[in-house]
file input.cif (mmCIF, C-alpha atoms)
data_entry
loop_
_atom_site.group_PDB
_atom_site.id
_atom_site.type_symbol
_atom_site.label_atom_id
_atom_site.label_comp_id
_atom_site.auth_asym_id
_atom_site.auth_seq_id
_atom_site.Cartn_x
_atom_site.Cartn_y
_atom_site.Cartn_z
ATOM 1 C CA MET A 89 4.424 6.231 13.663
ATOM 2 C CA LEU A 90 7.637 5.954 11.639
ATOM 3 C CA ASP A 91 8.766 3.168 13.960
ATOM 4 C CA GLN A 92 6.121 0.957 12.316
ATOM 5 C CA ALA A 93 8.153 0.955 9.102
ATOM 6 C CA ALA A 94 10.262 -1.902 10.388
ATOM 7 C CA HIS A 95 7.165 -4.078 10.702
ATOM 8 C CA GLU A 96 5.696 -3.602 7.219
ATOM 9 C CA ASN A 97 5.191 -6.572 4.874
ATOM 10 C CA PHE A 98 7.617 -5.089 2.380
ATOM 11 C CA PRO A 99 10.831 -3.102 2.973
ATOM 12 C CA VAL A 100 10.285 0.651 3.203
ATOM 13 C CA ALA A 101 13.790 2.145 3.231
ATOM 14 C CA PRO A 102 16.427 -0.622 3.500
ATOM 15 C CA PHE A 103 19.890 0.132 4.867
ATOM 16 C CA PHE A 104 21.618 -0.478 1.533
ATOM 17 C CA LEU A 105 20.004 2.531 -0.156
ATOM 18 C CA PRO A 106 21.753 5.917 -0.342
ATOM 19 C CA ARG A 107 21.045 8.034 2.721
ATOM 20 C CA ALA A 108 19.144 10.669 0.706
ATOM 21 C CA TRP A 109 16.834 8.024 -0.769
ATOM 22 C CA ARG A 110 16.207 6.548 2.671
ATOM 23 C CA ALA A 111 15.258 9.947 4.065
ATOM 24 C CA ASP A 112 12.920 10.635 1.152
ATOM 25 C CA LEU A 113 11.304 7.191 1.304
ATOM 26 C CA MET A 114 10.732 7.540 5.043
ATOM 27 C CA ALA A 115 9.096 10.919 4.434
ATOM 28 C CA LEU A 116 6.767 9.267 1.925
ATOM 29 C CA TYR A 117 6.107 6.442 4.347
ATOM 30 C CA GLY A 118 5.224 8.892 7.101
ATOM 31 C CA PHE A 119 2.613 10.491 4.866
ATOM 32 C CA ALA A 120 1.179 7.159 3.667
ATOM 33 C CA ARG A 121 1.009 5.800 7.227
ATOM 34 C CA LEU A 122 -0.726 8.946 8.461
ATOM 35 C CA VAL A 123 -3.334 8.717 5.689
ATOM 36 C CA ASP A 124 -4.001 5.040 6.412
ATOM 37 C CA ASP A 125 -4.182 5.583 10.170
ATOM 38 C CA ILE A 126 -6.760 8.308 9.638
ATOM 39 C CA GLY A 127 -8.769 6.154 7.241
ATOM 40 C CA ASP A 128 -8.659 3.121 9.536
ATOM 41 C CA GLY A 129 -9.317 5.030 12.749
ATOM 42 C CA ASP A 130 -5.904 4.036 14.124
ATOM 43 C CA LEU A 131 -4.518 7.424 15.151
ATOM 44 C CA ALA A 132 -2.969 7.704 18.597
ATOM 45 C CA PRO A 133 -5.616 8.448 21.252
ATOM 46 C CA GLY A 134 -6.064 11.937 22.588
ATOM 47 C CA GLY A 135 -6.706 13.862 19.382
ATOM 48 C CA GLY A 136 -3.165 15.158 18.983
ATOM 49 C CA ASP A 137 -3.101 14.619 15.228
ATOM 50 C CA ALA A 138 -6.427 16.429 14.844
ATOM 51 C CA VAL A 139 -4.994 19.451 16.643
ATOM 52 C CA LEU A 140 -1.824 19.341 14.535
ATOM 53 C CA LEU A 141 -4.014 19.423 11.417
ATOM 54 C CA GLY A 142 -5.870 22.458 12.673
ATOM 55 C CA LEU A 143 -9.028 20.745 13.938
ATOM 56 C CA ASP A 144 -10.612 20.670 17.365
ATOM 57 C CA ARG A 145 -9.621 17.770 19.583
ATOM 58 C CA VAL A 146 -13.259 16.619 19.627
ATOM 59 C CA GLN A 147 -12.967 15.907 15.878
ATOM 60 C CA CYS A 148 -10.359 13.208 16.447
ATOM 61 C CA ASP A 149 -12.788 10.491 15.326
ATOM 62 C CA ASP A 150 -14.241 12.401 12.367
ATOM 63 C CA ARG A 151 -12.385 10.615 9.590
ATOM 64 C CA PRO A 152 -13.801 12.641 6.659
ATOM 65 C CA ALA A 153 -12.930 15.898 8.423
ATOM 66 C CA LEU A 154 -9.427 14.614 9.208
ATOM 67 C CA LEU A 155 -8.869 13.593 5.584
ATOM 68 C CA ASP A 156 -10.073 16.995 4.401
ATOM 69 C CA ALA A 157 -7.698 18.690 6.842
ATOM 70 C CA LEU A 158 -4.853 16.462 5.678
ATOM 71 C CA GLU A 159 -5.535 17.373 2.053
ATOM 72 C CA ALA A 160 -5.475 21.059 2.999
ATOM 73 C CA ASP A 161 -2.124 20.521 4.740
ATOM 74 C CA LEU A 162 -0.821 18.635 1.687
ATOM 75 C CA ARG A 163 -1.699 21.598 -0.500
ATOM 76 C CA ARG A 164 0.376 23.781 1.838
ATOM 77 C CA VAL A 165 3.337 21.483 1.123
ATOM 78 C CA PHE A 166 3.026 22.361 -2.573
ATOM 79 C CA SER A 167 2.379 26.060 -1.995
ATOM 80 C CA ASP A 168 4.938 28.829 -1.686
ATOM 81 C CA ARG A 169 2.568 30.878 0.446
ATOM 82 C CA ALA A 170 2.777 31.164 4.211
ATOM 83 C CA PRO A 171 1.875 29.500 6.471
ATOM 84 C CA GLY A 172 3.463 26.211 5.598
ATOM 85 C CA PRO A 173 2.132 22.782 6.532
ATOM 86 C CA LYS A 174 1.018 22.255 10.123
ATOM 87 C CA HIS A 175 1.611 18.569 10.801
ATOM 88 C CA PRO A 176 5.256 17.570 11.462
ATOM 89 C CA LEU A 177 5.044 14.668 9.012
ATOM 90 C CA MET A 178 3.838 17.058 6.331
ATOM 91 C CA ARG A 179 6.643 19.488 7.102
ATOM 92 C CA ARG A 180 9.064 16.587 6.751
ATOM 93 C CA LEU A 181 7.533 15.806 3.357
ATOM 94 C CA GLY A 182 8.256 19.274 1.955
ATOM 95 C CA PRO A 183 12.000 18.881 1.267
ATOM 96 C CA THR A 184 11.382 15.554 -0.483
ATOM 97 C CA VAL A 185 8.676 17.054 -2.687
ATOM 98 C CA ARG A 186 10.944 19.936 -3.694
ATOM 99 C CA ARG A 187 14.137 17.928 -4.113
ATOM 100 C CA CYS A 188 12.462 15.259 -6.261
ATOM 101 C CA ALA A 189 10.023 17.563 -8.089
ATOM 102 C CA LEU A 190 7.070 15.411 -7.034
ATOM 103 C CA THR A 191 3.525 16.326 -8.052
ATOM 104 C CA PRO A 192 0.429 16.341 -5.822
ATOM 105 C CA GLU A 193 -1.492 13.670 -7.752
ATOM 106 C CA PRO A 194 -0.068 10.501 -6.135
ATOM 107 C CA PHE A 195 -0.546 11.962 -2.652
ATOM 108 C CA LEU A 196 -4.109 13.014 -3.467
ATOM 109 C CA GLY A 197 -4.786 9.507 -4.765
ATOM 110 C CA LEU A 198 -3.836 7.999 -1.408
ATOM 111 C CA ILE A 199 -6.131 10.414 0.402
ATOM 112 C CA GLU A 200 -8.993 9.663 -2.002
ATOM 113 C CA ALA A 201 -8.536 5.919 -1.471
ATOM 114 C CA ASN A 202 -9.097 6.432 2.238
ATOM 115 C CA ARG A 203 -12.129 8.605 1.553
ATOM 116 C CA GLN A 204 -13.442 5.738 -0.541
ATOM 117 C CA ASP A 205 -12.912 3.402 2.398
ATOM 118 C CA GLN A 206 -15.357 5.541 4.382
ATOM 119 C CA ARG A 207 -18.057 5.116 1.694
ATOM 120 C CA ILE A 208 -17.436 1.713 0.135
ATOM 121 C CA SER A 209 -16.845 -1.517 2.022
ATOM 122 C CA ARG A 210 -17.626 -4.076 -0.717
ATOM 123 C CA TYR A 211 -16.508 -4.415 -4.340
ATOM 124 C CA GLY A 212 -18.729 -6.034 -6.932
ATOM 125 C CA THR A 213 -16.151 -6.827 -9.593
ATOM 126 C CA TYR A 214 -12.425 -7.193 -9.992
ATOM 127 C CA ASP A 215 -12.419 -4.088 -12.185
ATOM 128 C CA ASP A 216 -13.962 -2.137 -9.294
ATOM 129 C CA LEU A 217 -11.243 -3.410 -6.964
ATOM 130 C CA ALA A 218 -8.491 -2.627 -9.485
ATOM 131 C CA ALA A 219 -9.795 0.951 -9.737
ATOM 132 C CA TYR A 220 -9.501 1.202 -5.958
ATOM 133 C CA CYS A 221 -5.914 -0.110 -6.122
ATOM 134 C CA GLU A 222 -5.174 2.615 -8.688
ATOM 135 C CA LEU A 223 -5.748 5.057 -5.824
ATOM 136 C CA SER A 224 -4.587 3.054 -2.817
ATOM 137 C CA ALA A 225 -1.450 1.317 -4.114
ATOM 138 C CA ASN A 226 -0.191 2.472 -7.489
ATOM 139 C CA PRO A 227 0.720 5.998 -6.293
ATOM 140 C CA VAL A 228 3.302 4.472 -3.952
ATOM 141 C CA GLY A 229 5.283 2.920 -6.781
ATOM 142 C CA ARG A 230 5.063 6.095 -8.801
ATOM 143 C CA LEU A 231 6.447 8.047 -5.864
ATOM 144 C CA VAL A 232 9.341 5.594 -5.481
ATOM 145 C CA LEU A 233 10.194 6.081 -9.160
ATOM 146 C CA GLY A 234 9.963 9.831 -8.642
ATOM 147 C CA VAL A 235 12.272 9.817 -5.627
ATOM 148 C CA THR A 236 14.850 7.715 -7.474
ATOM 149 C CA GLY A 237 14.601 9.730 -10.693
ATOM 150 C CA THR A 238 13.701 6.705 -12.808
ATOM 151 C CA SER A 239 10.161 7.444 -13.989
ATOM 152 C CA SER A 240 9.155 6.614 -17.555
ATOM 153 C CA PRO A 241 5.802 5.594 -19.052
ATOM 154 C CA GLU A 242 6.843 1.944 -19.340
ATOM 155 C CA ARG A 243 8.283 1.798 -15.835
ATOM 156 C CA ILE A 244 5.108 3.371 -14.460
ATOM 157 C CA ARG A 245 3.036 0.709 -16.234
ATOM 158 C CA LEU A 246 5.159 -2.081 -14.755
ATOM 159 C CA SER A 247 5.191 -0.445 -11.326
ATOM 160 C CA ASP A 248 1.396 -0.176 -11.358
ATOM 161 C CA ALA A 249 1.131 -3.922 -11.985
ATOM 162 C CA ILE A 250 3.460 -4.676 -9.067
ATOM 163 C CA CYS A 251 1.718 -2.279 -6.688
ATOM 164 C CA THR A 252 -1.758 -3.553 -7.518
ATOM 165 C CA ALA A 253 -0.471 -7.093 -7.029
ATOM 166 C CA LEU A 254 1.030 -6.237 -3.630
ATOM 167 C CA GLN A 255 -2.248 -4.636 -2.577
ATOM 168 C CA LEU A 256 -4.131 -7.773 -3.632
ATOM 169 C CA VAL A 257 -1.664 -9.887 -1.640
ATOM 170 C CA GLU A 258 -2.364 -7.833 1.472
ATOM 171 C CA HIS A 259 -6.103 -8.164 0.881
ATOM 172 C CA ILE A 260 -5.675 -11.940 0.649
ATOM 173 C CA GLN A 261 -3.624 -12.111 3.837
ATOM 174 C CA ASP A 262 -5.903 -9.774 5.796
ATOM 175 C CA VAL A 263 -9.374 -11.148 5.000
ATOM 176 C CA ALA A 264 -10.236 -11.692 8.673
ATOM 177 C CA GLU A 265 -8.814 -8.350 9.835
ATOM 178 C CA ASP A 266 -10.603 -6.469 7.063
ATOM 179 C CA LEU A 267 -13.894 -8.187 7.897
ATOM 180 C CA GLY A 268 -13.431 -7.008 11.475
ATOM 181 C CA ARG A 269 -13.488 -3.470 10.035
ATOM 182 C CA ASP A 270 -16.593 -4.375 8.018
ATOM 183 C CA ARG A 271 -14.623 -4.380 4.769
ATOM 184 C CA ILE A 272 -14.333 -7.098 2.146
ATOM 185 C CA TYR A 273 -11.767 -6.713 -0.619
ATOM 186 C CA LEU A 274 -12.673 -9.960 -2.374
ATOM 187 C CA PRO A 275 -14.842 -9.188 -5.434
ATOM 188 C CA ALA A 276 -18.480 -10.193 -4.931
ATOM 189 C CA GLU A 277 -18.517 -11.781 -8.393
ATOM 190 C CA ASP A 278 -15.683 -14.107 -7.333
ATOM 191 C CA MET A 279 -17.343 -14.946 -4.018
ATOM 192 C CA LYS A 280 -20.515 -15.876 -5.884
ATOM 193 C CA ARG A 281 -18.575 -17.988 -8.385
ATOM 194 C CA PHE A 282 -16.982 -20.018 -5.582
ATOM 195 C CA GLY A 283 -20.096 -20.139 -3.422
ATOM 196 C CA VAL A 284 -18.577 -18.123 -0.576
ATOM 197 C CA THR A 285 -20.743 -16.009 1.730
ATOM 198 C CA GLU A 286 -19.776 -13.327 4.212
ATOM 199 C CA ALA A 287 -20.640 -15.772 6.975
ATOM 200 C CA ASP A 288 -18.040 -18.166 5.539
ATOM 201 C CA LEU A 289 -15.402 -15.433 5.849
ATOM 202 C CA ALA A 290 -16.323 -14.915 9.507
ATOM 203 C CA ALA A 291 -15.573 -18.555 10.388
ATOM 204 C CA PRO A 292 -12.468 -19.409 12.459
ATOM 205 C CA THR A 293 -11.009 -21.400 9.573
ATOM 206 C CA GLY A 294 -11.701 -21.513 5.876
ATOM 207 C CA GLY A 295 -13.703 -24.297 4.313
ATOM 208 C CA ALA A 296 -12.957 -25.756 0.900
ATOM 209 C CA SER A 297 -14.871 -23.050 -0.958
ATOM 210 C CA VAL A 298 -13.079 -20.222 0.860
ATOM 211 C CA ARG A 299 -9.673 -21.779 0.247
ATOM 212 C CA ALA A 300 -10.511 -22.268 -3.440
ATOM 213 C CA LEU A 301 -11.464 -18.584 -3.669
ATOM 214 C CA ILE A 302 -8.243 -17.500 -1.969
ATOM 215 C CA ALA A 303 -6.226 -19.730 -4.308
ATOM 216 C CA PHE A 304 -7.904 -18.056 -7.282
ATOM 217 C CA GLU A 305 -7.185 -14.557 -5.972
ATOM 218 C CA ALA A 306 -3.596 -15.545 -5.159
ATOM 219 C CA GLU A 307 -3.046 -16.819 -8.692
ATOM 220 C CA ARG A 308 -4.294 -13.530 -10.124
ATOM 221 C CA ALA A 309 -1.988 -11.550 -7.830
ATOM 222 C CA GLY A 310 0.938 -13.755 -8.827
ATOM 223 C CA GLU A 311 0.270 -13.191 -12.517
ATOM 224 C CA LEU A 312 0.234 -9.440 -11.950
ATOM 225 C CA LEU A 313 3.547 -9.644 -10.094
ATOM 226 C CA ASP A 314 5.029 -11.534 -13.028
ATOM 227 C CA GLU A 315 3.655 -8.917 -15.419
ATOM 228 C CA GLY A 316 5.361 -6.109 -13.535
ATOM 229 C CA ALA A 317 8.571 -7.956 -12.641
ATOM 230 C CA PRO A 318 10.553 -6.778 -15.733
ATOM 231 C CA LEU A 319 10.740 -3.443 -13.904
ATOM 232 C CA VAL A 320 13.545 -5.018 -11.857
ATOM 233 C CA GLY A 321 15.651 -5.623 -14.937
ATOM 234 C CA SER A 322 15.081 -2.100 -16.258
ATOM 235 C CA VAL A 323 17.085 -0.417 -13.487
ATOM 236 C CA HIS A 324 20.551 -0.827 -12.007
ATOM 237 C CA GLY A 325 22.457 -0.853 -8.756
ATOM 238 C CA ARG A 326 20.788 -0.564 -5.400
ATOM 239 C CA LEU A 327 17.434 0.381 -6.912
ATOM 240 C CA LYS A 328 17.380 -3.018 -8.608
ATOM 241 C CA LEU A 329 17.784 -4.670 -5.210
ATOM 242 C CA LEU A 330 15.004 -2.526 -3.701
ATOM 243 C CA LEU A 331 12.551 -3.363 -6.482
ATOM 244 C CA ALA A 332 13.527 -7.028 -6.359
ATOM 245 C CA GLY A 333 12.655 -6.870 -2.649
ATOM 246 C CA PHE A 334 9.177 -5.570 -3.434
ATOM 247 C CA VAL A 335 8.504 -8.300 -5.997
ATOM 248 C CA ALA A 336 10.079 -10.989 -3.820
ATOM 249 C CA GLY A 337 8.040 -9.843 -0.809
ATOM 250 C CA GLY A 338 4.851 -10.417 -2.750
ATOM 251 C CA ARG A 339 5.975 -13.780 -4.063
ATOM 252 C CA ALA A 340 7.141 -14.962 -0.648
ATOM 253 C CA ALA A 341 3.830 -13.885 0.897
ATOM 254 C CA LEU A 342 1.930 -15.849 -1.727
ATOM 255 C CA GLN A 343 4.123 -18.866 -0.979
ATOM 256 C CA ALA A 344 3.183 -18.521 2.705
ATOM 257 C CA VAL A 345 -0.503 -18.410 1.761
ATOM 258 C CA ALA A 346 -0.077 -21.558 -0.314
ATOM 259 C CA ALA A 347 1.821 -23.256 2.524
ATOM 260 C CA ALA A 348 -1.183 -22.542 4.762
ATOM 261 C CA ASP A 349 -3.352 -24.390 2.226
ATOM 262 C CA HIS A 350 -4.887 -21.004 1.400
ATOM 263 C CA ASP A 351 -6.578 -20.814 4.806
ATOM 264 C CA VAL A 352 -6.101 -17.161 5.755
ATOM 265 C CA LEU A 353 -8.958 -16.909 8.246
ATOM 266 C CA PRO A 354 -6.982 -17.889 11.385
ATOM 267 C CA GLY A 355 -4.602 -15.010 10.666
ATOM 268 C CA PRO A 356 -2.397 -13.649 7.885
ATOM 269 C CA PRO A 357 0.197 -16.168 6.692
ATOM 270 C CA LYS A 358 3.601 -14.476 6.752
ATOM 271 C CA PRO A 359 6.796 -15.458 4.934
ATOM 272 C CA THR A 360 9.939 -16.202 6.885
ATOM 273 C CA LYS A 361 13.005 -14.022 6.433
ATOM 274 C CA LEU A 362 14.785 -16.973 4.845
ATOM 275 C CA SER A 363 12.050 -17.512 2.276
ATOM 276 C CA LEU A 364 12.075 -13.802 1.474
ATOM 277 C CA LEU A 365 15.845 -13.778 0.985
ATOM 278 C CA ARG A 366 15.645 -16.835 -1.261
ATOM 279 C CA GLU A 367 12.973 -15.171 -3.367
ATOM 280 C CA VAL A 368 15.012 -11.971 -3.617
ATOM 281 C CA GLY A 369 17.902 -14.020 -4.990
ATOM 282 C CA ALA A 370 15.670 -15.811 -7.468
ATOM 283 C CA THR A 371 14.096 -12.552 -8.613
ATOM 284 C CA LEU A 372 17.516 -10.948 -9.144
ATOM 285 C CA ARG A 373 18.748 -13.953 -11.109
ATOM 286 C CA ARG A 374 15.716 -13.716 -13.376
ATOM 287 C CA GLU A 375 15.924 -9.884 -13.368
ATOM 288 C CA GLY A 376 12.206 -9.922 -12.617
#
call {"tool": "encode", "arguments": {"input": "input.cif", "output": "structure tokens"}}
result
Amino acid sequence: MLDQAAHENFPVAPFFLPRAWRADLMALYGFARLVDDIGDGDLAPGGGDAVLLGLDRVQCDDRPALLDALEADLRRVFSDRAPGPKHPLMRRLGPTVRRCALTPEPFLGLIEANRQDQRISRYGTYDDLAAYCELSANPVGRLVLGVTGTSSPERIRLSDAICTALQLVEHIQDVAEDLGRDRIYLPAEDMKRFGVTEADLAAPTGGASVRALIAFEAERAGELLDEGAPLVGSVHGRLKLLLAGFVAGGRAALQAVAAADHDVLPGPPKPTKLSLLREVGATLRREG
């Protein structure tokens, strides 16, 4: 599972970070990946994770039960009572939680986002979608600030803007994949405004109305990235480079979407490494 970190849209624990930060960020990634794999039904076959979480192997496809068991194991991470957490990824999380004095709330938010995915597959308004991102994305940035000891109310506000923007970027890139899971993360009010139906999203390529909708959503994500980008200039050293990488990853992905003429239906447009590096440099020069 941790091997997937190298294939994420945005860097998880780059080589230039201090070793302790890398270890802590990989522990966070392991938890976040486990939650998402449960919520998406992407756990390894055989029911091994269900058993590790204390469930019967036959419950390996019971996503609500798995999420409940994961929450129970998370609470063991934050408890001084025996027994400790059962799943190896949760045991790995314990030292990070203690060393960085992390609180349960961001982790619980990620679990709740995946519970919501089991109940809700469409979002009526942008505000509804933003509330989902508050659970599914913003906790990640808050955890990064916690691991690096740089949390403050203003930095959390800026981080939330970046994380919501990055989540919106992934939604834009993954329209076809999400529809294959019977999920649509494009607000229904926006689809109606641009005259886009669910059938339009199931087409092999996007027509003019779909591409206009994607362009609109991309512009909104870009504005949110710009709103949060001053976070980069508020920190120093290697953390500045890490945060610039997050912002640049989102901007480069949006450039790839634009280069595809906003047609994301054939598959997610991905930035090249060169375009990402260029955007990192530009973001550092602007300090955001």
call {"tool": "resolve_selection", "arguments": {"input": "input.cif", "expression": "the PyMOL selection byres ((chain A and resi 352) around 8)", "output": "list in words"}}
result
Ile260, Gln261, Asp262, Val263, Ala264, Thr293, Gly294, Val345, Ala348, His350, Asp351, Leu353, Pro354, Gly355, Pro356 and Pro357 of chain A
call {"tool": "write_last_selection", "arguments": {"input": "input.cif", "atoms": "C-alpha atoms", "output": "PDB file, in the frame of the given file"}}
result
ATOM      1  CA  ILE A 260      -5.675 -11.940   0.649  1.00  0.00           C
ATOM      2  CA  GLN A 261      -3.624 -12.111   3.837  1.00  0.00           C
ATOM      3  CA  ASP A 262      -5.903  -9.774   5.796  1.00  0.00           C
ATOM      4  CA  VAL A 263      -9.374 -11.148   5.000  1.00  0.00           C
ATOM      5  CA  ALA A 264     -10.236 -11.692   8.673  1.00  0.00           C
ATOM      6  CA  THR A 293     -11.009 -21.400   9.573  1.00  0.00           C
ATOM      7  CA  GLY A 294     -11.701 -21.513   5.876  1.00  0.00           C
ATOM      8  CA  VAL A 345      -0.503 -18.410   1.761  1.00  0.00           C
ATOM      9  CA  ALA A 348      -1.183 -22.542   4.762  1.00  0.00           C
ATOM     10  CA  HIS A 350      -4.887 -21.004   1.400  1.00  0.00           C
ATOM     11  CA  ASP A 351      -6.578 -20.814   4.806  1.00  0.00           C
ATOM     12  CA  LEU A 353      -8.958 -16.909   8.246  1.00  0.00           C
ATOM     13  CA  PRO A 354      -6.982 -17.889  11.385  1.00  0.00           C
ATOM     14  CA  GLY A 355      -4.602 -15.010  10.666  1.00  0.00           C
ATOM     15  CA  PRO A 356      -2.397 -13.649   7.885  1.00  0.00           C
ATOM     16  CA  PRO A 357       0.197 -16.168   6.692  1.00  0.00           C
TER      17      PRO A 357
END
call {"tool": "residues_near_point", "arguments": {"input": "input.cif", "point": "(6.5, 23.3, -0.1)", "cutoff": "10 Å", "atoms": "all atoms listed in the file", "output": "PyMOL selection string"}}
result
chain A and resi 162-170+172-173+178-186
call {"tool": "write_last_selection", "arguments": {"input": "input.cif", "atoms": "C-alpha atoms", "output": "CSV table (one decimal), in the coordinates of the input"}}
result
chain,number,residue,atom,x,y,z
A,162,LEU,CA,-0.8,18.6,1.7
A,163,ARG,CA,-1.7,21.6,-0.5
A,164,ARG,CA,0.4,23.8,1.8
A,165,VAL,CA,3.3,21.5,1.1
A,166,PHE,CA,3.0,22.4,-2.6
A,167,SER,CA,2.4,26.1,-2.0
A,168,ASP,CA,4.9,28.8,-1.7
A,169,ARG,CA,2.6,30.9,0.4
A,170,ALA,CA,2.8,31.2,4.2
A,172,GLY,CA,3.5,26.2,5.6
A,173,PRO,CA,2.1,22.8,6.5
A,178,MET,CA,3.8,17.1,6.3
A,179,ARG,CA,6.6,19.5,7.1
A,180,ARG,CA,9.1,16.6,6.8
A,181,LEU,CA,7.5,15.8,3.4
A,182,GLY,CA,8.3,19.3,2.0
A,183,PRO,CA,12.0,18.9,1.3
A,184,THR,CA,11.4,15.6,-0.5
A,185,VAL,CA,8.7,17.1,-2.7
A,186,ARG,CA,10.9,19.9,-3.7
call {"tool": "atom_distance", "arguments": {"input": "input.cif", "atom1": "CA of Pro106 (chain A)", "atom2": "CA of Val323 (chain A)"}}
result
15.3 Å
call {"tool": "residues_around", "arguments": {"input": "input.cif", "residues": "region 112-118 of chain A", "least_positions_apart": "3", "cutoff": "9 Å", "atoms": "all atoms listed in the file", "output": "PyMOL selection string"}}
result
chain A and resi 89-90+93+100-101+107-109+121-123+177-178+180-185+188+228+231-232+235
call {"tool": "resolve_selection", "arguments": {"input": "input.cif", "expression": "the PyMOL selection byres ((chain A and resi 375) around 7)", "output": "PyMOL selection string"}}
result
chain A and resi 318+320-321+371-374+376
call {"tool": "write_last_selection", "arguments": {"input": "input.cif", "atoms": "C-alpha atoms", "output": "PDB file, keeping the file's coordinate frame"}}
result
ATOM      1  CA  PRO A 318      10.553  -6.778 -15.733  1.00  0.00           C
ATOM      2  CA  VAL A 320      13.545  -5.018 -11.857  1.00  0.00           C
ATOM      3  CA  GLY A 321      15.651  -5.623 -14.937  1.00  0.00           C
ATOM      4  CA  THR A 371      14.096 -12.552  -8.613  1.00  0.00           C
ATOM      5  CA  LEU A 372      17.516 -10.948  -9.144  1.00  0.00           C
ATOM      6  CA  ARG A 373      18.748 -13.953 -11.109  1.00  0.00           C
ATOM      7  CA  ARG A 374      15.716 -13.716 -13.376  1.00  0.00           C
ATOM      8  CA  GLY A 376      12.206  -9.922 -12.617  1.00  0.00           C
TER       9      GLY A 376
END
call {"tool": "atom_distance", "arguments": {"input": "input.cif", "atom1": "CA of Glu265 (chain A)", "atom2": "CA of Asp130 (chain A)"}}
result
13.4 Å
call {"tool": "atom_distance", "arguments": {"input": "input.cif", "atom1": "CA of Asn226 (chain A)", "atom2": "CA of Cys251 (chain A)"}}
result
5.2 Å
call {"tool": "closest_residue", "arguments": {"input": "input.cif", "among": "A:Ala160, A:Lys328, A:Pro176, A:Pro227", "to": "Glu193 (chain A)", "atoms": "all atoms listed in the file"}}
result
A:Pro227
call {"tool": "closest_residue", "arguments": {"input": "input.cif", "among": "A:Gly197, A:Gly333, A:Gly212, A:Pro359", "to": "Ile272 (chain A)", "atoms": "all atoms listed in the file"}}
result
A:Gly212
call {"tool": "resolve_selection", "arguments": {"input": "input.cif", "expression": "the PyMOL selection byres ((chain A and resi 152) around 12)", "output": "PDB file with C-alpha atoms, keeping the file's coordinate frame"}}
result
ATOM      1  CA  VAL A 123      -3.334   8.717   5.689  1.00  0.00           C
ATOM      2  CA  ILE A 126      -6.760   8.308   9.638  1.00  0.00           C
ATOM      3  CA  GLY A 127      -8.769   6.154   7.241  1.00  0.00           C
ATOM      4  CA  ASP A 128      -8.659   3.121   9.536  1.00  0.00           C
ATOM      5  CA  GLY A 129      -9.317   5.030  12.749  1.00  0.00           C
ATOM      6  CA  ALA A 138      -6.427  16.429  14.844  1.00  0.00           C
ATOM      7  CA  LEU A 143      -9.028  20.745  13.938  1.00  0.00           C
ATOM      8  CA  GLN A 147     -12.967  15.907  15.878  1.00  0.00           C
ATOM      9  CA  CYS A 148     -10.359  13.208  16.447  1.00  0.00           C
ATOM     10  CA  ASP A 149     -12.788  10.491  15.326  1.00  0.00           C
ATOM     11  CA  ASP A 150     -14.241  12.401  12.367  1.00  0.00           C
ATOM     12  CA  ARG A 151     -12.385  10.615   9.590  1.00  0.00           C
ATOM     13  CA  ALA A 153     -12.930  15.898   8.423  1.00  0.00           C
ATOM     14  CA  LEU A 154      -9.427  14.614   9.208  1.00  0.00           C
ATOM     15  CA  LEU A 155      -8.869  13.593   5.584  1.00  0.00           C
ATOM     16  CA  ASP A 156     -10.073  16.995   4.401  1.00  0.00           C
ATOM     17  CA  ALA A 157      -7.698  18.690   6.842  1.00  0.00           C
ATOM     18  CA  LEU A 158      -4.853  16.462   5.678  1.00  0.00           C
ATOM     19  CA  GLU A 159      -5.535  17.373   2.053  1.00  0.00           C
ATOM     20  CA  ILE A 199      -6.131  10.414   0.402  1.00  0.00           C
ATOM     21  CA  GLU A 200      -8.993   9.663  -2.002  1.00  0.00           C
ATOM     22  CA  ALA A 201      -8.536   5.919  -1.471  1.00  0.00           C
ATOM     23  CA  ASN A 202      -9.097   6.432   2.238  1.00  0.00           C
ATOM     24  CA  ARG A 203     -12.129   8.605   1.553  1.00  0.00           C
ATOM     25  CA  GLN A 204     -13.442   5.738  -0.541  1.00  0.00           C
ATOM     26  CA  ASP A 205     -12.912   3.402   2.398  1.00  0.00           C
ATOM     27  CA  GLN A 206     -15.357   5.541   4.382  1.00  0.00           C
ATOM     28  CA  ARG A 207     -18.057   5.116   1.694  1.00  0.00           C
TER      29      ARG A 207
END
call {"tool": "closest_residue", "arguments": {"input": "input.cif", "among": "A:Ile208, A:Arg308, A:Leu190, A:Pro171", "to": "Gly237 (chain A)", "atoms": "all atoms listed in the file"}}
result
A:Leu190
call {"tool": "residues_near_point", "arguments": {"input": "input.cif", "point": "(-12.2, -23.5, -2.9)", "cutoff": "12 Å", "atoms": "all atoms listed in the file", "output": "compact mmCIF listing (two decimals) with C-alpha atoms, in the coordinates of the input"}}
result
# COMPACT_ATOMS: atom_id res chain seq x y z
CA ASP A 278 -15.68 -14.11 -7.33
CA MET A 279 -17.34 -14.95 -4.02
CA LYS A 280 -20.52 -15.88 -5.88
CA ARG A 281 -18.58 -17.99 -8.38
CA PHE A 282 -16.98 -20.02 -5.58
CA GLY A 283 -20.10 -20.14 -3.42
CA VAL A 284 -18.58 -18.12 -0.58
CA ASP A 288 -18.04 -18.17 5.54
CA GLY A 294 -11.70 -21.51 5.88
CA GLY A 295 -13.70 -24.30 4.31
CA ALA A 296 -12.96 -25.76 0.90
CA SER A 297 -14.87 -23.05 -0.96
CA VAL A 298 -13.08 -20.22 0.86
CA ARG A 299 -9.67 -21.78 0.25
CA ALA A 300 -10.51 -22.27 -3.44
CA LEU A 301 -11.46 -18.58 -3.67
CA ILE A 302 -8.24 -17.50 -1.97
CA ALA A 303 -6.23 -19.73 -4.31
CA PHE A 304 -7.90 -18.06 -7.28
CA GLU A 305 -7.18 -14.56 -5.97
CA ALA A 306 -3.60 -15.54 -5.16
CA ASP A 349 -3.35 -24.39 2.23
CA HIS A 350 -4.89 -21.00 1.40
CA ASP A 351 -6.58 -20.81 4.81
